[in-house]
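To start, the structure under review is shown below, and the notes come after it.
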Amino acid sequence: MQVVKLGNSLYDANAYLVERHILIDVGMDARSVISELRKYVQPGDLETIILTHCHYDHTGGAGGVAAAFGAKIAIHENDAPLLGNPNASASSMFGEKAPSVVPDILLKGGEFFGELEVIHTPGHTPGGICLYSARSKILFSGDTVFQDGSFGRTDLYGGSTQQLIRSIEKLSLLDVSSMYPGHGDIVKEDASEHIKLSLMMVRQF
């Protein structure tokens, strides 16, 4: 599976271009993402922008990028209503208005985009998702789990530590070699061990 990590600022979420037609998360600055995407794709190539959850650092630029490339925006149905709320989307934390993002596709979990399966992983937000390829043993983990046992915070709107524990338990059953988290570094091998460490840590939280 071809994955390109797009550059981002210190506070922006990671954005990943997958197989040249799927973008997982966007970050806050549409202009910089559009500029970087043009190195790899042309308008019409990018089909779907999949948002792992509603937070502004992942979604702020989604509308602009979708318009520039003619892509559809997908997000879990539980997070879709939160996009326009400055507190629920955490845009107020960044001193910004809530993004005017209107999703085209509402996810429930279980959908497939190519070989990527949508897994509903609430806890960080009510509609948080991860995307998993069983064939490639790759997990795009959003803000559910990160490298070295880190996990998503649950003290923001709609967060739940108990839900997050159950979500990470679900992820711990997967065979994951490489993990592409919403922030921080890519885990290039033995990612399942990082997920199991996250589960141990969150249970002690």
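The way I read the labels, and the way they are meant: chains A, B, ... in the order of the structure tokens, residue 1 as the first residue of every chain, and ligand 1 as the first ligand shown, with later ones counted on from there.
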
Quiz item: Residues of chain A in alpha helix (DSSP H) according to DSSP, as a count of residues only?
Solution: 45

Quiz item: Got a sec: who's within 7 Å of range 124-139 of chain A, counting only C-alpha atoms, leaving out chain neighbours fewer than 2 positions off, as a ChimeraX atom specification?
Solution: /A:1,52-53,76-79,115-122,141-144,152-154,158-160,164,175-180

Quiz item: Counting only C-alpha atoms, which of A:His55, A:Thr48, A:Gly70, A:Ala62 gets nearest to Ser32 in chain A?
Solution: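 Closest to Ser32 in chain A of all the choices is A:Ala62.
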
Quiz prompt | In range 127-167 of chain A, DSSP strand (DSSP E or B) residues written as a VMD selection string | solution = chain A and resid 129 to 133 138 to 142 145 151

How would the residues just picked look written out with all heavy atoms as an mmCIF file, in the first residue's frame?
```
data_model
loop_
_atom_site.group_PDB
_atom_site.id
_atom_site.type_symbol
_atom_site.label_atom_id
_atom_site.label_comp_id
_atom_site.auth_asym_id
_atom_site.auth_seq_id
_atom_site.Cartn_x
_atom_site.Cartn_y
_atom_site.Cartn_z
ATOM 1 N N ILE A 129 -12.788 7.062 14.531
ATOM 2 C CA ILE A 129 -12.586 5.832 13.764
ATOM 3 C C ILE A 129 -11.103 5.573 13.548
ATOM 4 O O ILE A 129 -10.272 6.480 13.631
ATOM 5 C CB ILE A 129 -13.284 5.867 12.382
ATOM 6 C CG1 ILE A 129 -12.683 6.964 11.494
ATOM 7 C CG2 ILE A 129 -14.790 6.004 12.521
ATOM 8 C CD1 ILE A 129 -13.073 6.857 10.027
ATOM 9 N N CYS A 130 -10.794 4.310 13.268
ATOM 10 C CA CYS A 130 -9.501 3.910 12.735
ATOM 11 C C CYS A 130 -9.756 3.204 11.410
ATOM 12 O O CYS A 130 -10.881 2.798 11.116
ATOM 13 C CB CYS A 130 -8.777 2.960 13.698
ATOM 14 S SG CYS A 130 -8.319 3.706 15.277
ATOM 15 N N LEU A 131 -8.722 3.069 10.612
ATOM 16 C CA LEU A 131 -8.820 2.377 9.330
ATOM 17 C C LEU A 131 -7.745 1.310 9.284
ATOM 18 O O LEU A 131 -6.576 1.581 9.539
ATOM 19 C CB LEU A 131 -8.651 3.366 8.177
ATOM 20 C CG LEU A 131 -9.781 4.407 8.121
ATOM 21 C CD1 LEU A 131 -9.226 5.778 7.815
ATOM 22 C CD2 LEU A 131 -10.816 4.013 7.080
ATOM 23 N N TYR A 132 -8.157 0.075 8.946
ATOM 24 C CA TYR A 132 -7.249 -1.070 9.030
ATOM 25 C C TYR A 132 -7.234 -1.861 7.727
ATOM 26 O O TYR A 132 -8.291 -2.162 7.155
ATOM 27 C CB TYR A 132 -7.684 -1.982 10.169
ATOM 28 C CG TYR A 132 -6.891 -3.268 10.294
ATOM 29 C CD1 TYR A 132 -5.522 -3.238 10.558
ATOM 30 C CD2 TYR A 132 -7.511 -4.503 10.145
ATOM 31 C CE1 TYR A 132 -4.793 -4.417 10.671
ATOM 32 C CE2 TYR A 132 -6.791 -5.685 10.268
ATOM 33 C CZ TYR A 132 -5.429 -5.635 10.527
ATOM 34 O OH TYR A 132 -4.702 -6.793 10.636
ATOM 35 N N SER A 133 -6.039 -2.199 7.284
ATOM 36 C CA SER A 133 -5.862 -3.099 6.159
ATOM 37 C C SER A 133 -5.317 -4.419 6.666
ATOM 38 O O SER A 133 -4.157 -4.492 7.095
ATOM 39 C CB SER A 133 -4.901 -2.514 5.122
ATOM 40 O OG SER A 133 -4.512 -3.503 4.187
ATOM 41 N N ILE A 138 -1.695 -2.692 8.138
ATOM 42 C CA ILE A 138 -1.505 -1.271 8.396
ATOM 43 C C ILE A 138 -2.721 -0.736 9.132
ATOM 44 O O ILE A 138 -3.866 -1.053 8.782
ATOM 45 C CB ILE A 138 -1.297 -0.506 7.076
ATOM 46 C CG1 ILE A 138 0.086 -0.802 6.489
ATOM 47 C CG2 ILE A 138 -1.490 0.988 7.273
ATOM 48 C CD1 ILE A 138 0.324 -0.175 5.130
ATOM 49 N N LEU A 139 -2.476 0.090 10.147
ATOM 50 C CA LEU A 139 -3.547 0.750 10.888
ATOM 51 C C LEU A 139 -3.332 2.260 10.858
ATOM 52 O O LEU A 139 -2.249 2.751 11.197
ATOM 53 C CB LEU A 139 -3.574 0.277 12.342
ATOM 54 C CG LEU A 139 -4.656 0.915 13.224
ATOM 55 C CD1 LEU A 139 -6.033 0.367 12.863
ATOM 56 C CD2 LEU A 139 -4.365 0.686 14.707
ATOM 57 N N PHE A 140 -4.361 2.986 10.418
ATOM 58 C CA PHE A 140 -4.402 4.445 10.569
ATOM 59 C C PHE A 140 -5.217 4.696 11.833
ATOM 60 O O PHE A 140 -6.422 4.456 11.857
ATOM 61 C CB PHE A 140 -5.036 5.085 9.338
ATOM 62 C CG PHE A 140 -4.233 4.876 8.078
ATOM 63 C CD1 PHE A 140 -4.475 3.773 7.274
ATOM 64 C CD2 PHE A 140 -3.232 5.769 7.715
ATOM 65 C CE1 PHE A 140 -3.730 3.568 6.114
ATOM 66 C CE2 PHE A 140 -2.487 5.574 6.566
ATOM 67 C CZ PHE A 140 -2.726 4.472 5.766
ATOM 68 N N SER A 141 -4.544 5.153 12.868
ATOM 69 C CA SER A 141 -5.136 5.088 14.205
ATOM 70 C C SER A 141 -5.730 6.402 14.704
ATOM 71 O O SER A 141 -6.218 6.460 15.835
ATOM 72 C CB SER A 141 -4.096 4.581 15.208
ATOM 73 O OG SER A 141 -2.978 5.447 15.273
ATOM 74 N N GLY A 142 -5.720 7.457 13.878
ATOM 75 C CA GLY A 142 -6.300 8.713 14.324
ATOM 76 C C GLY A 142 -5.714 9.149 15.655
ATOM 77 O O GLY A 142 -4.497 9.072 15.871
ATOM 78 N N VAL A 145 -4.828 5.695 19.350
ATOM 79 C CA VAL A 145 -3.552 5.245 19.912
ATOM 80 C C VAL A 145 -2.405 5.863 19.123
ATOM 81 O O VAL A 145 -2.527 6.155 17.934
ATOM 82 C CB VAL A 145 -3.407 3.704 19.908
ATOM 83 C CG1 VAL A 145 -4.325 3.071 20.920
ATOM 84 C CG2 VAL A 145 -3.674 3.129 18.524
ATOM 85 N N PHE A 151 -2.075 7.339 24.112
ATOM 86 C CA PHE A 151 -3.462 7.172 23.677
ATOM 87 C C PHE A 151 -4.163 8.517 23.719
ATOM 88 O O PHE A 151 -3.671 9.486 24.309
ATOM 89 C CB PHE A 151 -4.193 6.148 24.564
ATOM 90 C CG PHE A 151 -4.108 6.438 26.030
ATOM 91 C CD1 PHE A 151 -5.034 7.262 26.645
ATOM 92 C CD2 PHE A 151 -3.090 5.892 26.803
ATOM 93 C CE1 PHE A 151 -4.958 7.536 28.006
ATOM 94 C CE2 PHE A 151 -2.999 6.157 28.159
ATOM 95 C CZ PHE A 151 -3.933 6.983 28.757
#
```

Quiz item: With distances taken over only C-alpha atoms, which of A:Ser92, A:Ala66, A:Leu51, A:Leu17 is nearest to Leu106 in chain A?
Solution: A:Leu51

Quiz item: Any idea what's packed within 12 Å of Asp45 in chain A, counting only C-alpha atoms, ignoring anything in its chain fewer than 3 positions away? Could you give it as a list of chain:residue names?
Solution: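 Neighbouring residues, sequence-local ones excluded: A:Leu17, A:Val18, A:Glu19, A:Arg20, A:His21, A:Ile22, A:Leu23, A:Leu37, A:Arg38, A:Tyr40, A:Val41, A:Gln42, A:Thr48, A:Ile49, A:Ala66, A:Ala68, A:Phe69, A:Gly70, A:Ala71, A:Lys72.
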
Exercise. Please provide as a list in words all residues within 10 Å of Asn14 in chain A, with the sequence filter that same-chain residues fewer than 6 positions apart are discarded (counting only C-alpha atoms).
Key: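 The residues that qualify are Lys5, Leu6, Gly7, Asn8, Ile24, Asp25, Val26, Gly27, Asp57, His58, Gly142, Tyr180, Pro181, Gly182, His183, Gly184, Asp185 and Ile186 of chain A.
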
Kindly export the residues of the current selection with N, CA, C and O atoms, as an mmCIF file, in the first residue's frame.
```cif
data_model
loop_
_atom_site.group_PDB
_atom_site.id
_atom_site.type_symbol
_atom_site.label_atom_id
_atom_site.label_comp_id
_atom_site.auth_asym_id
_atom_site.auth_seq_id
_atom_site.Cartn_x
_atom_site.Cartn_y
_atom_site.Cartn_z
ATOM 1 N N LYS A 5 2.940 10.589 3.815
ATOM 2 C CA LYS A 5 2.630 11.497 4.928
ATOM 3 C C LYS A 5 2.892 12.922 4.473
ATOM 4 O O LYS A 5 3.989 13.244 4.021
ATOM 5 N N LEU A 6 1.861 13.750 4.568
ATOM 6 C CA LEU A 6 2.000 15.139 4.153
ATOM 7 C C LEU A 6 2.543 15.963 5.305
ATOM 8 O O LEU A 6 2.217 15.723 6.471
ATOM 9 N N GLY A 7 3.366 16.926 4.970
ATOM 10 C CA GLY A 7 3.986 17.768 5.988
ATOM 11 C C GLY A 7 2.954 18.555 6.762
ATOM 12 O O GLY A 7 1.894 18.905 6.245
ATOM 13 N N ASN A 8 3.256 18.821 8.012
ATOM 14 C CA ASN A 8 2.315 19.566 8.842
ATOM 15 C C ASN A 8 3.077 20.394 9.870
ATOM 16 O O ASN A 8 4.240 20.149 10.161
ATOM 17 N N ILE A 24 -6.520 10.639 4.370
ATOM 18 C CA ILE A 24 -6.974 10.409 5.744
ATOM 19 C C ILE A 24 -6.547 11.598 6.587
ATOM 20 O O ILE A 24 -5.355 11.834 6.792
ATOM 21 N N ASP A 25 -7.540 12.360 7.040
ATOM 22 C CA ASP A 25 -7.361 13.608 7.774
ATOM 23 C C ASP A 25 -6.695 14.674 6.892
ATOM 24 O O ASP A 25 -6.091 14.373 5.859
ATOM 25 N N VAL A 26 -6.828 15.923 7.324
ATOM 26 C CA VAL A 26 -6.411 17.039 6.478
ATOM 27 C C VAL A 26 -5.489 18.016 7.215
ATOM 28 O O VAL A 26 -4.553 18.547 6.628
ATOM 29 N N GLY A 27 -5.762 18.230 8.504
ATOM 30 C CA GLY A 27 -5.077 19.313 9.199
ATOM 31 C C GLY A 27 -5.878 20.594 9.091
ATOM 32 O O GLY A 27 -7.012 20.610 8.586
ATOM 33 N N ASP A 57 -8.060 20.255 14.401
ATOM 34 C CA ASP A 57 -6.695 20.050 13.894
ATOM 35 C C ASP A 57 -6.633 18.928 12.859
ATOM 36 O O ASP A 57 -5.624 18.778 12.159
ATOM 37 N N HIS A 58 -7.713 18.159 12.727
ATOM 38 C CA HIS A 58 -7.808 17.117 11.705
ATOM 39 C C HIS A 58 -8.723 17.525 10.548
ATOM 40 O O HIS A 58 -8.585 16.984 9.452
ATOM 41 N N GLY A 142 -5.720 7.457 13.878
ATOM 42 C CA GLY A 142 -6.300 8.713 14.324
ATOM 43 C C GLY A 142 -5.714 9.149 15.655
ATOM 44 O O GLY A 142 -4.497 9.072 15.871
ATOM 45 N N TYR A 180 -0.018 4.333 11.516
ATOM 46 C CA TYR A 180 0.056 5.727 11.101
ATOM 47 C C TYR A 180 -0.878 6.536 11.995
ATOM 48 O O TYR A 180 -2.079 6.608 11.737
ATOM 49 N N PRO A 181 -0.354 7.145 13.054
ATOM 50 C CA PRO A 181 -1.212 7.846 14.015
ATOM 51 C C PRO A 181 -1.546 9.269 13.580
ATOM 52 O O PRO A 181 -0.938 9.823 12.660
ATOM 53 N N GLY A 182 -2.503 9.857 14.274
ATOM 54 C CA GLY A 182 -2.934 11.212 13.970
ATOM 55 C C GLY A 182 -1.916 12.274 14.310
ATOM 56 O O GLY A 182 -1.975 13.389 13.773
ATOM 57 N N HIS A 183 -1.017 11.975 15.209
ATOM 58 C CA HIS A 183 0.070 12.891 15.583
ATOM 59 C C HIS A 183 1.321 12.054 15.833
ATOM 60 O O HIS A 183 1.236 10.856 16.141
ATOM 61 N N GLY A 184 2.465 12.685 15.736
ATOM 62 C CA GLY A 184 3.702 11.995 16.080
ATOM 63 C C GLY A 184 4.233 11.136 14.958
ATOM 64 O O GLY A 184 3.861 11.284 13.793
ATOM 65 N N ASP A 185 5.090 10.208 15.331
ATOM 66 C CA ASP A 185 5.842 9.427 14.352
ATOM 67 C C ASP A 185 5.093 8.176 13.905
ATOM 68 O O ASP A 185 4.298 7.600 14.646
ATOM 69 N N ILE A 186 5.390 7.758 12.686
ATOM 70 C CA ILE A 186 4.878 6.504 12.156
ATOM 71 C C ILE A 186 5.608 5.338 12.833
ATOM 72 O O ILE A 186 6.822 5.390 13.037
#
```

Self-check item: Selected residue, from A:Phe146, A:Phe205, A:Tyr157, A:Phe113, that lies nearest to Ala74 in chain A when counting only C-alpha atoms
Solution: A:Phe113

Quiz item: Given the choices A:Leu156, A:Ile195, A:Ile34, A:Ala80, which gets closest to Gly123 in chain A if the distance is worked out from only C-alpha atoms?
Solution: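 The shortest atom-to-atom distance to Gly123 in chain A comes from A:Leu156.
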
Practice problem: Quick one: pull the distance between CA of Pro99 in chain A and CA of Tyr56 in chain A, Å, one decimal. | Solution: 7.1 Å

Practice problem: Give me, please, the distance in Å between CA of Gln162 in chain A and CA of Gly60 in chain A, quoted to one decimal. | Solution: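 Distance reported for this atom pair: 27.7 Å.
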